[in-house]
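**Student:** Pasting model_33.cif below, which is mmCIF, C-alpha atoms; chains and numbers go by the auth columns.
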```
data_protein
loop_
_atom_site.group_PDB
_atom_site.id
_atom_site.type_symbol
_atom_site.label_atom_id
_atom_site.label_comp_id
_atom_site.label_asym_id
_atom_site.label_seq_id
_atom_site.Cartn_x
_atom_site.Cartn_y
_atom_site.Cartn_z
_atom_site.B_iso_or_equiv
_atom_site.auth_seq_id
_atom_site.auth_asym_id
ATOM 1 C CA MET A 1 16.272 -22.510 8.099 0.00 1 A
ATOM 2 C CA SER A 2 18.190 -19.224 7.718 0.00 2 A
ATOM 3 C CA THR A 3 17.999 -19.653 3.947 0.00 3 A
ATOM 4 C CA LEU A 4 14.253 -20.147 4.153 0.00 4 A
ATOM 5 C CA ALA A 5 13.895 -17.022 6.313 0.00 5 A
ATOM 6 C CA TYR A 6 15.979 -14.907 3.933 0.00 6 A
ATOM 7 C CA ASP A 7 14.348 -16.192 0.744 0.00 7 A
ATOM 8 C CA GLY A 8 10.887 -16.129 2.295 0.00 8 A
ATOM 9 C CA THR A 9 11.357 -12.484 3.306 0.00 9 A
ATOM 10 C CA ALA A 10 12.401 -11.637 -0.243 0.00 10 A
ATOM 11 C CA MET A 11 9.288 -13.341 -1.625 0.00 11 A
ATOM 12 C CA LEU A 12 7.153 -11.580 0.976 0.00 12 A
ATOM 13 C CA GLY A 13 8.457 -8.225 -0.241 0.00 13 A
ATOM 14 C CA ARG A 14 7.817 -9.214 -3.842 0.00 14 A
ATOM 15 C CA HIS A 15 4.172 -10.091 -3.150 0.00 15 A
ATOM 16 C CA LEU A 16 3.577 -6.943 -1.096 0.00 16 A
ATOM 17 C CA ARG A 17 4.920 -4.810 -3.965 0.00 17 A
ATOM 18 C CA ARG A 18 2.659 -6.736 -6.318 0.00 18 A
ATOM 19 C CA ILE A 19 -0.353 -5.933 -4.158 0.00 19 A
ATOM 20 C CA ARG A 20 0.659 -2.269 -3.898 0.00 20 A
ATOM 21 C CA HIS A 21 0.745 -1.982 -7.686 0.00 21 A
ATOM 22 C CA ASN A 22 -2.805 -3.335 -7.939 0.00 22 A
ATOM 23 C CA PRO A 23 -4.739 -0.970 -5.626 0.00 23 A
ATOM 24 C CA GLY A 24 -8.091 -1.562 -7.335 0.00 24 A
ATOM 25 C CA LEU A 25 -8.156 -5.222 -6.372 0.00 25 A
ATOM 26 C CA LEU A 26 -7.026 -4.360 -2.849 0.00 26 A
ATOM 27 C CA ILE A 27 -9.809 -1.804 -2.409 0.00 27 A
ATOM 28 C CA LEU A 28 -12.395 -4.246 -3.744 0.00 28 A
ATOM 29 C CA THR A 29 -11.350 -7.081 -1.442 0.00 29 A
ATOM 30 C CA GLN A 30 -11.303 -4.755 1.586 0.00 30 A
ATOM 31 C CA SER A 31 -14.614 -3.009 0.857 0.00 31 A
ATOM 32 C CA MET A 32 -16.659 -6.105 0.015 0.00 32 A
ATOM 33 C CA PRO A 33 -16.857 -7.457 3.600 0.00 33 A
ATOM 34 C CA ILE A 34 -17.958 -4.014 4.835 0.00 34 A
ATOM 35 C CA THR A 35 -20.669 -3.912 2.173 0.00 35 A
ATOM 36 C CA MET A 36 -21.820 -7.384 3.189 0.00 36 A
ATOM 37 C CA LEU A 37 -21.904 -6.373 6.867 0.00 37 A
ATOM 38 C CA LEU A 38 -24.150 -3.416 6.117 0.00 38 A
ATOM 39 C CA PHE A 39 -26.369 -5.324 3.699 0.00 39 A
ATOM 40 C CA PHE A 40 -26.738 -8.509 5.727 0.00 40 A
ATOM 41 C CA GLY A 41 -26.938 -6.630 9.036 0.00 41 A
ATOM 42 C CA TYR A 42 -29.773 -4.348 8.015 0.00 42 A
ATOM 43 C CA VAL A 43 -31.623 -6.535 5.483 0.00 43 A
ATOM 44 C CA PHE A 44 -31.276 -10.049 6.900 0.00 44 A
ATOM 45 C CA GLY A 45 -31.364 -8.786 10.482 0.00 45 A
ATOM 46 C CA SER A 46 -34.920 -7.561 10.038 0.00 46 A
ATOM 47 C CA ALA A 47 -36.104 -11.047 9.001 0.00 47 A
ATOM 48 C CA LEU A 48 -34.408 -13.193 11.674 0.00 48 A
ATOM 49 C CA ALA A 49 -35.202 -14.017 15.236 0.00 49 A
ATOM 50 C CA THR A 50 -32.200 -11.941 16.374 0.00 50 A
ATOM 51 C CA PRO A 51 -33.001 -8.637 14.667 0.00 51 A
ATOM 52 C CA GLY A 52 -31.226 -5.318 14.454 0.00 52 A
ATOM 53 C CA GLN A 53 -28.150 -4.617 16.530 0.00 53 A
ATOM 54 C CA GLU A 54 -28.220 -8.069 18.140 0.00 54 A
ATOM 55 C CA TYR A 55 -27.940 -9.746 14.748 0.00 55 A
ATOM 56 C CA ARG A 56 -25.140 -7.440 13.651 0.00 56 A
ATOM 57 C CA ALA A 57 -23.191 -8.411 16.779 0.00 57 A
ATOM 58 C CA PHE A 58 -23.857 -12.057 15.881 0.00 58 A
ATOM 59 C CA LEU A 59 -22.894 -11.496 12.243 0.00 59 A
ATOM 60 C CA LEU A 60 -19.580 -9.678 12.587 0.00 60 A
ATOM 61 C CA PRO A 61 -17.507 -12.662 13.838 0.00 61 A
ATOM 62 C CA GLY A 62 -19.039 -14.877 11.145 0.00 62 A
ATOM 63 C CA LEU A 63 -18.238 -12.329 8.469 0.00 63 A
ATOM 64 C CA LEU A 64 -14.653 -12.043 9.704 0.00 64 A
ATOM 65 C CA VAL A 65 -14.263 -15.817 9.376 0.00 65 A
ATOM 66 C CA ALA A 66 -16.021 -15.943 5.988 0.00 66 A
ATOM 67 C CA THR A 67 -13.571 -13.300 4.766 0.00 67 A
ATOM 68 C CA ALA A 68 -10.667 -15.312 6.162 0.00 68 A
ATOM 69 C CA ALA A 69 -11.930 -18.371 4.281 0.00 69 A
ATOM 70 C CA ASN A 70 -11.496 -16.366 1.073 0.00 70 A
ATOM 71 C CA GLY A 71 -7.807 -17.156 1.471 0.00 71 A
ATOM 72 C CA ILE A 72 -8.631 -20.196 -0.658 0.00 72 A
ATOM 73 C CA MET A 73 -9.766 -17.977 -3.506 0.00 73 A
ATOM 74 C CA THR A 74 -6.962 -15.404 -3.349 0.00 74 A
ATOM 75 C CA GLY A 75 -4.270 -18.021 -2.816 0.00 75 A
ATOM 76 C CA MET A 76 -5.561 -20.036 -5.746 0.00 76 A
ATOM 77 C CA PHE A 77 -5.750 -17.121 -8.154 0.00 77 A
ATOM 78 C CA GLN A 78 -2.329 -15.654 -7.326 0.00 78 A
ATOM 79 C CA ALA A 79 -0.575 -19.026 -7.484 0.00 79 A
ATOM 80 C CA ALA A 80 -2.275 -19.886 -10.789 0.00 80 A
ATOM 81 C CA GLN A 81 -1.358 -16.496 -12.217 0.00 81 A
ATOM 82 C CA ASP A 82 2.327 -16.850 -11.360 0.00 82 A
ATOM 83 C CA SER A 83 2.390 -20.481 -12.495 0.00 83 A
ATOM 84 C CA HIS A 84 0.797 -19.986 -15.903 0.00 84 A
ATOM 85 C CA ARG A 85 2.667 -16.782 -16.712 0.00 85 A
ATOM 86 C CA GLY A 86 6.038 -18.459 -16.228 0.00 86 A
ATOM 87 C CA VAL A 87 7.004 -16.547 -13.073 0.00 87 A
ATOM 88 C CA MET A 88 7.457 -19.680 -10.996 0.00 88 A
ATOM 89 C CA ASP A 89 9.519 -21.321 -13.738 0.00 89 A
ATOM 90 C CA ARG A 90 11.970 -18.440 -13.410 0.00 90 A
ATOM 91 C CA PHE A 91 11.981 -18.749 -9.616 0.00 91 A
ATOM 92 C CA ARG A 92 12.843 -22.448 -9.908 0.00 92 A
ATOM 93 C CA THR A 93 16.028 -21.572 -11.772 0.00 93 A
ATOM 94 C CA LEU A 94 17.228 -19.456 -8.828 0.00 94 A
ATOM 95 C CA PRO A 95 19.236 -20.889 -5.921 0.00 95 A
ATOM 96 C CA MET A 96 16.533 -20.409 -3.292 0.00 96 A
ATOM 97 C CA ASN A 97 14.716 -22.584 -0.785 0.00 97 A
ATOM 98 C CA ARG A 98 11.780 -24.359 -2.480 0.00 98 A
ATOM 99 C CA ALA A 99 9.419 -23.471 0.365 0.00 99 A
ATOM 100 C CA ALA A 100 10.204 -19.731 0.120 0.00 100 A
ATOM 101 C CA VAL A 101 7.932 -18.922 -2.835 0.00 101 A
ATOM 102 C CA PRO A 102 4.642 -20.303 -1.446 0.00 102 A
ATOM 103 C CA LEU A 103 5.608 -19.132 2.064 0.00 103 A
ATOM 104 C CA GLY A 104 6.162 -15.574 0.829 0.00 104 A
ATOM 105 C CA GLN A 105 2.764 -15.561 -0.852 0.00 105 A
ATOM 106 C CA ALA A 106 1.026 -16.888 2.276 0.00 106 A
ATOM 107 C CA LEU A 107 2.764 -14.362 4.545 0.00 107 A
ATOM 108 C CA ALA A 108 1.956 -11.424 2.255 0.00 108 A
ATOM 109 C CA ASP A 109 -1.687 -12.464 2.220 0.00 109 A
ATOM 110 C CA LEU A 110 -1.596 -12.653 6.019 0.00 110 A
ATOM 111 C CA VAL A 111 -0.232 -9.104 6.290 0.00 111 A
ATOM 112 C CA VAL A 112 -2.919 -7.717 3.977 0.00 112 A
ATOM 113 C CA THR A 113 -5.624 -9.606 5.869 0.00 113 A
ATOM 114 C CA ALA A 114 -4.415 -8.268 9.222 0.00 114 A
ATOM 115 C CA VAL A 115 -4.559 -4.695 7.903 0.00 115 A
ATOM 116 C CA GLY A 116 -7.938 -5.242 6.236 0.00 116 A
ATOM 117 C CA THR A 117 -9.479 -6.635 9.414 0.00 117 A
ATOM 118 C CA VAL A 118 -9.152 -3.256 11.154 0.00 118 A
ATOM 119 C CA PRO A 119 -11.667 -1.240 9.051 0.00 119 A
ATOM 120 C CA LEU A 120 -14.174 -4.107 9.104 0.00 120 A
ATOM 121 C CA MET A 121 -14.031 -4.258 12.896 0.00 121 A
ATOM 122 C CA LEU A 122 -14.329 -0.469 13.132 0.00 122 A
ATOM 123 C CA VAL A 123 -17.455 -0.498 10.978 0.00 123 A
ATOM 124 C CA GLY A 124 -18.744 -3.353 13.130 0.00 124 A
ATOM 125 C CA LEU A 125 -18.291 -1.156 16.210 0.00 125 A
ATOM 126 C CA ALA A 126 -20.158 1.636 14.452 0.00 126 A
ATOM 127 C CA VAL A 127 -23.203 -0.565 13.761 0.00 127 A
ATOM 128 C CA GLY A 128 -23.469 -2.026 17.253 0.00 128 A
ATOM 129 C CA TRP A 129 -20.961 -4.861 17.608 0.00 129 A
ATOM 130 C CA ARG A 130 -18.927 -4.860 20.815 0.00 130 A
ATOM 131 C CA ILE A 131 -16.145 -6.929 22.346 0.00 131 A
ATOM 132 C CA GLU A 132 -17.806 -8.131 25.535 0.00 132 A
ATOM 133 C CA GLY A 133 -14.951 -10.315 26.745 0.00 133 A
ATOM 134 C CA SER A 134 -11.496 -9.419 28.030 0.00 134 A
ATOM 135 C CA ALA A 135 -8.840 -7.759 25.891 0.00 135 A
ATOM 136 C CA LEU A 136 -6.633 -10.862 26.140 0.00 136 A
ATOM 137 C CA ARG A 137 -9.410 -13.109 24.839 0.00 137 A
ATOM 138 C CA ALA A 138 -10.110 -10.651 22.032 0.00 138 A
ATOM 139 C CA VAL A 139 -6.435 -10.685 20.988 0.00 139 A
ATOM 140 C CA ALA A 140 -6.557 -14.486 21.050 0.00 140 A
ATOM 141 C CA GLY A 141 -9.623 -14.334 18.788 0.00 141 A
ATOM 142 C CA VAL A 142 -7.838 -12.151 16.248 0.00 142 A
ATOM 143 C CA GLY A 143 -4.827 -14.464 16.370 0.00 143 A
ATOM 144 C CA LEU A 144 -7.046 -17.474 15.718 0.00 144 A
ATOM 145 C CA LEU A 145 -8.676 -15.655 12.818 0.00 145 A
ATOM 146 C CA LEU A 146 -5.303 -14.924 11.202 0.00 146 A
ATOM 147 C CA LEU A 147 -4.151 -18.503 11.747 0.00 147 A
ATOM 148 C CA PHE A 148 -7.265 -19.717 9.930 0.00 148 A
ATOM 149 C CA ARG A 149 -6.584 -17.320 7.046 0.00 149 A
ATOM 150 C CA PHE A 150 -2.980 -18.540 6.856 0.00 150 A
ATOM 151 C CA ALA A 151 -4.169 -22.157 6.683 0.00 151 A
ATOM 152 C CA THR A 152 -6.792 -21.521 3.995 0.00 152 A
ATOM 153 C CA THR A 153 -4.266 -19.639 1.871 0.00 153 A
ATOM 154 C CA TRP A 154 -2.136 -22.797 1.642 0.00 154 A
ATOM 155 C CA ILE A 155 -5.175 -24.701 0.366 0.00 155 A
ATOM 156 C CA GLY A 156 -5.586 -22.075 -2.329 0.00 156 A
ATOM 157 C CA ILE A 157 -1.898 -22.234 -3.285 0.00 157 A
ATOM 158 C CA VAL A 158 -2.113 -26.000 -3.797 0.00 158 A
ATOM 159 C CA LEU A 159 -5.257 -25.679 -5.933 0.00 159 A
ATOM 160 C CA GLY A 160 -3.761 -22.787 -7.907 0.00 160 A
ATOM 161 C CA LEU A 161 -0.584 -24.710 -8.693 0.00 161 A
ATOM 162 C CA ALA A 162 -2.688 -27.695 -9.747 0.00 162 A
ATOM 163 C CA SER A 163 -5.069 -25.663 -11.946 0.00 163 A
ATOM 164 C CA ARG A 164 -4.879 -25.899 -15.718 0.00 164 A
ATOM 165 C CA SER A 165 -5.339 -22.164 -16.356 0.00 165 A
ATOM 166 C CA GLU A 166 -5.927 -18.814 -14.660 0.00 166 A
ATOM 167 C CA GLU A 167 -9.536 -18.872 -15.844 0.00 167 A
ATOM 168 C CA ALA A 168 -10.157 -22.280 -14.293 0.00 168 A
ATOM 169 C CA ALA A 169 -8.655 -21.095 -11.009 0.00 169 A
ATOM 170 C CA GLY A 170 -10.864 -18.000 -11.045 0.00 170 A
ATOM 171 C CA GLN A 171 -14.007 -20.023 -11.671 0.00 171 A
ATOM 172 C CA LEU A 172 -13.192 -22.577 -9.001 0.00 172 A
ATOM 173 C CA GLY A 173 -12.205 -19.850 -6.565 0.00 173 A
ATOM 174 C CA GLY A 174 -15.510 -18.064 -7.101 0.00 174 A
ATOM 175 C CA ALA A 175 -17.345 -21.242 -6.168 0.00 175 A
ATOM 176 C CA THR A 176 -15.874 -21.103 -2.662 0.00 176 A
ATOM 177 C CA PHE A 177 -18.499 -18.480 -1.730 0.00 177 A
ATOM 178 C CA ILE A 178 -20.814 -21.367 -0.846 0.00 178 A
ATOM 179 C CA LEU A 179 -18.628 -22.533 2.051 0.00 179 A
ATOM 180 C CA PRO A 180 -19.763 -19.826 4.540 0.00 180 A
ATOM 181 C CA LEU A 181 -23.383 -20.473 3.535 0.00 181 A
ATOM 182 C CA LEU A 182 -22.994 -24.059 4.785 0.00 182 A
ATOM 183 C CA SER A 183 -21.933 -22.883 8.230 0.00 183 A
ATOM 184 C CA ASN A 184 -23.135 -20.802 11.161 0.00 184 A
ATOM 185 C CA ALA A 185 -21.395 -17.666 9.885 0.00 185 A
ATOM 186 C CA TYR A 186 -24.597 -15.881 8.865 0.00 186 A
ATOM 187 C CA ILE A 187 -27.415 -17.741 10.633 0.00 187 A
ATOM 188 C CA PRO A 188 -27.778 -20.068 13.627 0.00 188 A
ATOM 189 C CA THR A 189 -27.833 -23.732 12.666 0.00 189 A
ATOM 190 C CA ASP A 190 -30.358 -24.815 15.325 0.00 190 A
ATOM 191 C CA ASN A 191 -33.322 -24.953 12.957 0.00 191 A
ATOM 192 C CA LEU A 192 -31.565 -26.588 10.012 0.00 192 A
ATOM 193 C CA PRO A 193 -32.565 -30.127 8.955 0.00 193 A
ATOM 194 C CA GLY A 194 -30.575 -32.809 10.797 0.00 194 A
ATOM 195 C CA TRP A 195 -28.223 -33.780 7.977 0.00 195 A
ATOM 196 C CA LEU A 196 -27.620 -30.168 6.928 0.00 196 A
ATOM 197 C CA ARG A 197 -26.958 -29.115 10.497 0.00 197 A
ATOM 198 C CA THR A 198 -24.345 -31.874 10.789 0.00 198 A
ATOM 199 C CA VAL A 199 -22.635 -30.685 7.596 0.00 199 A
ATOM 200 C CA ALA A 200 -22.668 -27.086 8.823 0.00 200 A
ATOM 201 C CA GLU A 201 -21.298 -27.924 12.266 0.00 201 A
ATOM 202 C CA TRP A 202 -18.404 -29.958 10.843 0.00 202 A
ATOM 203 C CA ASN A 203 -17.539 -27.114 8.488 0.00 203 A
ATOM 204 C CA PRO A 204 -14.267 -25.553 9.784 0.00 204 A
ATOM 205 C CA ILE A 205 -15.830 -22.110 9.335 0.00 205 A
ATOM 206 C CA SER A 206 -18.427 -22.970 11.987 0.00 206 A
ATOM 207 C CA ALA A 207 -15.789 -23.962 14.538 0.00 207 A
ATOM 208 C CA VAL A 208 -13.748 -20.787 14.011 0.00 208 A
ATOM 209 C CA THR A 209 -16.869 -18.596 14.010 0.00 209 A
ATOM 210 C CA THR A 210 -18.134 -20.130 17.269 0.00 210 A
ATOM 211 C CA ALA A 211 -14.673 -19.692 18.796 0.00 211 A
ATOM 212 C CA LEU A 212 -14.596 -16.007 17.828 0.00 212 A
ATOM 213 C CA ARG A 213 -18.089 -15.396 19.217 0.00 213 A
ATOM 214 C CA ASP A 214 -16.972 -17.018 22.456 0.00 214 A
ATOM 215 C CA LEU A 215 -13.657 -15.152 22.680 0.00 215 A
ATOM 216 C CA PHE A 216 -15.277 -11.814 21.805 0.00 216 A
ATOM 217 C CA GLY A 217 -18.120 -12.512 24.254 0.00 217 A
ATOM 218 C CA ASN A 218 -20.816 -12.184 21.574 0.00 218 A
ATOM 219 C CA ALA A 219 -22.559 -15.556 22.024 0.00 219 A
ATOM 220 C CA PRO A 220 -22.268 -18.538 24.369 0.00 220 A
ATOM 221 C CA VAL A 221 -20.857 -21.854 23.238 0.00 221 A
ATOM 222 C CA PRO A 222 -23.703 -24.272 22.379 0.00 222 A
ATOM 223 C CA HIS A 223 -24.156 -27.247 24.681 0.00 223 A
ATOM 224 C CA GLU A 224 -25.408 -29.542 21.928 0.00 224 A
ATOM 225 C CA GLY A 225 -24.014 -30.250 18.504 0.00 225 A
ATOM 226 C CA ALA A 226 -20.911 -31.613 16.826 0.00 226 A
ATOM 227 C CA TRP A 227 -17.629 -31.643 18.747 0.00 227 A
ATOM 228 C CA PRO A 228 -15.995 -28.735 16.823 0.00 228 A
ATOM 229 C CA VAL A 229 -18.769 -26.286 17.826 0.00 229 A
ATOM 230 C CA THR A 230 -19.207 -27.485 21.409 0.00 230 A
ATOM 231 C CA HIS A 231 -15.414 -27.190 21.893 0.00 231 A
ATOM 232 C CA PRO A 232 -14.835 -24.346 19.419 0.00 232 A
ATOM 233 C CA VAL A 233 -11.326 -23.167 20.309 0.00 233 A
ATOM 234 C CA ALA A 234 -9.955 -26.716 20.349 0.00 234 A
ATOM 235 C CA GLY A 235 -11.956 -27.531 17.215 0.00 235 A
ATOM 236 C CA ALA A 236 -10.707 -24.446 15.357 0.00 236 A
ATOM 237 C CA LEU A 237 -7.079 -25.111 16.307 0.00 237 A
ATOM 238 C CA THR A 238 -7.437 -28.739 15.263 0.00 238 A
ATOM 239 C CA TRP A 239 -8.850 -27.783 11.864 0.00 239 A
ATOM 240 C CA CYS A 240 -6.032 -25.265 11.313 0.00 240 A
ATOM 241 C CA ALA A 241 -3.390 -27.786 12.315 0.00 241 A
ATOM 242 C CA VAL A 242 -4.815 -30.421 9.977 0.00 242 A
ATOM 243 C CA MET A 243 -4.998 -27.999 7.043 0.00 243 A
ATOM 244 C CA LEU A 244 -1.425 -26.807 7.564 0.00 244 A
ATOM 245 C CA ALA A 245 -0.082 -30.335 8.053 0.00 245 A
ATOM 246 C CA VAL A 246 -1.682 -31.481 4.805 0.00 246 A
ATOM 247 C CA PHE A 247 -1.408 -28.516 2.470 0.00 247 A
ATOM 248 C CA VAL A 248 1.957 -26.925 3.345 0.00 248 A
ATOM 249 C CA PRO A 249 3.935 -30.029 2.236 0.00 249 A
ATOM 250 C CA LEU A 250 1.655 -30.434 -0.794 0.00 250 A
ATOM 251 C CA ALA A 251 2.220 -26.821 -1.852 0.00 251 A
ATOM 252 C CA VAL A 252 6.001 -27.061 -1.505 0.00 252 A
ATOM 253 C CA ARG A 253 6.104 -30.384 -3.350 0.00 253 A
ATOM 254 C CA ARG A 254 3.846 -29.119 -6.123 0.00 254 A
ATOM 255 C CA TYR A 255 5.899 -25.952 -6.561 0.00 255 A
ATOM 256 C CA ALA A 256 9.181 -27.884 -6.664 0.00 256 A
ATOM 257 C CA ALA A 257 7.806 -30.377 -9.208 0.00 257 A
ATOM 258 C CA GLY A 258 6.494 -27.730 -11.590 0.00 258 A
ATOM 259 C CA GLU A 259 3.935 -28.438 -14.290 0.00 259 A
ATOM 260 C CA ARG A 260 3.855 -32.061 -15.351 0.00 260 A
#
```
Write out the structure in this file as structure tokens.

**Tutor:**
Amino acid sequence: MSTLAYDGTAMLGRHLRRIRHNPGLLILTQSMPITMLLFFGYVFGSALATPGQEYRAFLLPGLLVATAANGIMTGMFQAAQDSHRGVMDRFRTLPMNRAAVPLGQALADLVVTAVGTVPLMLVGLAVGWRIEGSALRAVAGVGLLLLFRFATTWIGIVLGLASRSEEAAGQLGGATFILPLLSNAYIPTDNLPGWLRTVAEWNPISAVTTALRDLFGNAPVPHEGAWPVTHPVAGALTWCAVMLAVFVPLAVRRYAAGER
């Protein structure tokens, strides 16, 4: 375990330096959610049943979770880049714990996400969003959000290691934008057709979004619907646990095996 901690910390530092040397990508990934908040909040909010400031308060937790779900895309692209440029082949020749390389990538992504969440929440406060619950529940909400990002990053690492090229990983990663659209992140699911509502409510993004709205005090938990949205905190934690239990071992095994 001490070897994993030491090697994982070294890989964490390597990925943070990598991010620091690519400030353009960092600025883009941090500014996009803010742009979406302003665009969706003022354009979509005028066309929905919860207009204006009320919709922006509804939207902010969903946008935080949709941004966290982008861990699939970033994890996939970074893992594919290192894999197909021979970086991971060099790491495999070093006497380090096999779990350290994917762990370092996931932890670095978590650090960047935690920092990037601050300006998005500040802009949310500026456009009318408020934390209506207690400070302890709000901290729990942020912790749940980061746990979800950590879990989705491992999914991306597995897909990136399994991809045939950087280009393929980029194209597949871009397709993940549809996942928040099939959830309650941007709109309520009450008026969706029955089958589509079921799909949306069993989407992990919906469970985490409902949990954040509850913990932040922005919207009550629905009394009807699928189990993950009527028990959102338990549902969100269950989804995160399942994703980590499945994809962490897969990522480590795939990294250790190399390209075959």

**Student:** Hey, can you check how far atom CA of Trp202 of chain A sits from atom CA of Leu172 of chain A?

**Tutor:**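 Between atom CA of Trp202 of chain A and atom CA of Leu172 of chain A the gap works out to 21.8 Å.
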
**Student:** Check which residues satisfy the PyMOL selection byres ((chain A and resi 111) around 12) in the file shown, then give them as a list in words.

**Tutor:**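 Selection result, ordered by chain and number: Leu12, Gly13, His15, Leu16, Ile19, Gly104, Gln105, Ala106, Leu107, Ala108, Asp109, Leu110, Val112, Thr113, Ala114, Val115, Gly116, Thr117, Val118, Leu146, Leu147, Arg149 and Phe150 of chain A.
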
**Student:** What does the distance between atom CA of Arg20 of chain A and atom CA of Gly8 of chain A come to in Å, to one decimal place?

**Tutor:**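 These two atoms are separated by 18.3 Å.
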
**Student:** On this file, the PyMOL selection byres ((chain A and resi 79) around 9) gives some set of residues; write that set as a list in words.

**Tutor:**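 Residues picked by the PyMOL selection byres ((chain A and resi 79) around 9): Thr74, Gly75, Met76, Phe77, Gln78, Ala80, Gln81, Asp82, Ser83, His84, Met88, Pro102, Gln105, Gly156, Ile157, Val158, Leu159, Gly160, Leu161 and Glu166 of chain A.
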
**Student:** In Å to one decimal, how far is atom CA of Ala162 of chain A from atom CA of Ala185 of chain A?

**Tutor:**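 Computing it gives 28.9 Å between the two atoms.
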
**Student:** Under the rule of at most 8 Å, produce a per-residue listing of segment 156-218 of chain A near segment 136-141 of chain A: chain, number, name, the closest pair of atoms, and the distance in Å, as JSON lines, using only C-alpha atoms.

**Tutor:**
```
{"residue": "A:Ala211", "atom": "CA", "partner": "A:Gly141", "partner_atom": "CA", "distance": 7.4}
{"residue": "A:Leu212", "atom": "CA", "partner": "A:Gly141", "partner_atom": "CA", "distance": 5.3}
{"residue": "A:Leu215", "atom": "CA", "partner": "A:Arg137", "partner_atom": "CA", "distance": 5.2}
{"residue": "A:Phe216", "atom": "CA", "partner": "A:Ala138", "partner_atom": "CA", "distance": 5.3}
```

**Student:** Write the residues of the selection above to a file with C-alpha atoms, as a PDB file, in the frame of the given file.

**Tutor:**
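out_2.pdb, written as the output of this step:
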```
ATOM      1  CA  ALA A 211     -14.673 -19.692  18.796  1.00  0.00           C
ATOM      2  CA  LEU A 212     -14.596 -16.007  17.828  1.00  0.00           C
ATOM      3  CA  LEU A 215     -13.657 -15.152  22.680  1.00  0.00           C
ATOM      4  CA  PHE A 216     -15.277 -11.814  21.805  1.00  0.00           C
TER       5      PHE A 216
END
```

**Student:** Taking the file as shown, what set of residues would the PyMOL selection byres ((chain A and resi 6) around 12) give back, as a list in words?

**Tutor:**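 Going through the file, the PyMOL selection byres ((chain A and resi 6) around 12) ends up selecting Met1, Ser2, Thr3, Leu4, Ala5, Asp7, Gly8, Thr9, Ala10, Met11, Leu12, Gly13, Pro95, Met96, Asn97, Ala99, Ala100, Val101, Leu103 and Gly104 of chain A.
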
**Student:** Residues within 7 Å of segment 239-245 of chain A, please, as a list in words. Count only C-alpha atoms; anything in the same chain fewer than 5 positions from it doesn't count.

**Tutor:**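 In the requested form, the answer reads Phe148, Ala151 and Pro204 of chain A.
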
**Student:** Let me make sure I understand: among A:Arg98, A:His223, A:Arg85, A:His231, which one has the smallest atom-to-atom distance to Arg164 of chain A if we use only C-alpha atoms?

**Tutor:**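 Closest candidate: A:Arg85.
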
**Student:** Give the answer as one residue: which of A:Ala175, A:Leu196, A:Leu145, A:Val252 has the shortest atom-to-atom distance to Gly62 of chain A, using only C-alpha atoms?

**Tutor:** A:Leu145

**Student:** Residues within 8 Å of segment 120-123 of chain A, please, as a VMD selection string. Count only C-alpha atoms; anything in the same chain fewer than 2 positions from it doesn't count.

**Tutor:** chain A and resid 33 to 34 60 64 116 to 118 125 to 127

**Student:** From the set A:Leu59, A:Ile155, A:Ile27, A:Leu37, which residue has the shortest atom-to-atom contact distance to Ile72 of chain A, counting all atoms listed in the file?

**Tutor:**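 The answer is A:Ile155, which sits nearest to Ile72 of chain A.
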
**Student:** What box, with edges along x, y and z, holds each listed atom of segment 153-164 of chain A when 3 Å is added on every side, and can you state its centre and edge lengths in Å to one decimal, as JSON?

**Tutor:**
```
{"center_x": -3.1, "center_y": -23.7, "center_z": -6.9, "size_x": 11.0, "size_y": 14.1, "size_z": 23.6}
```
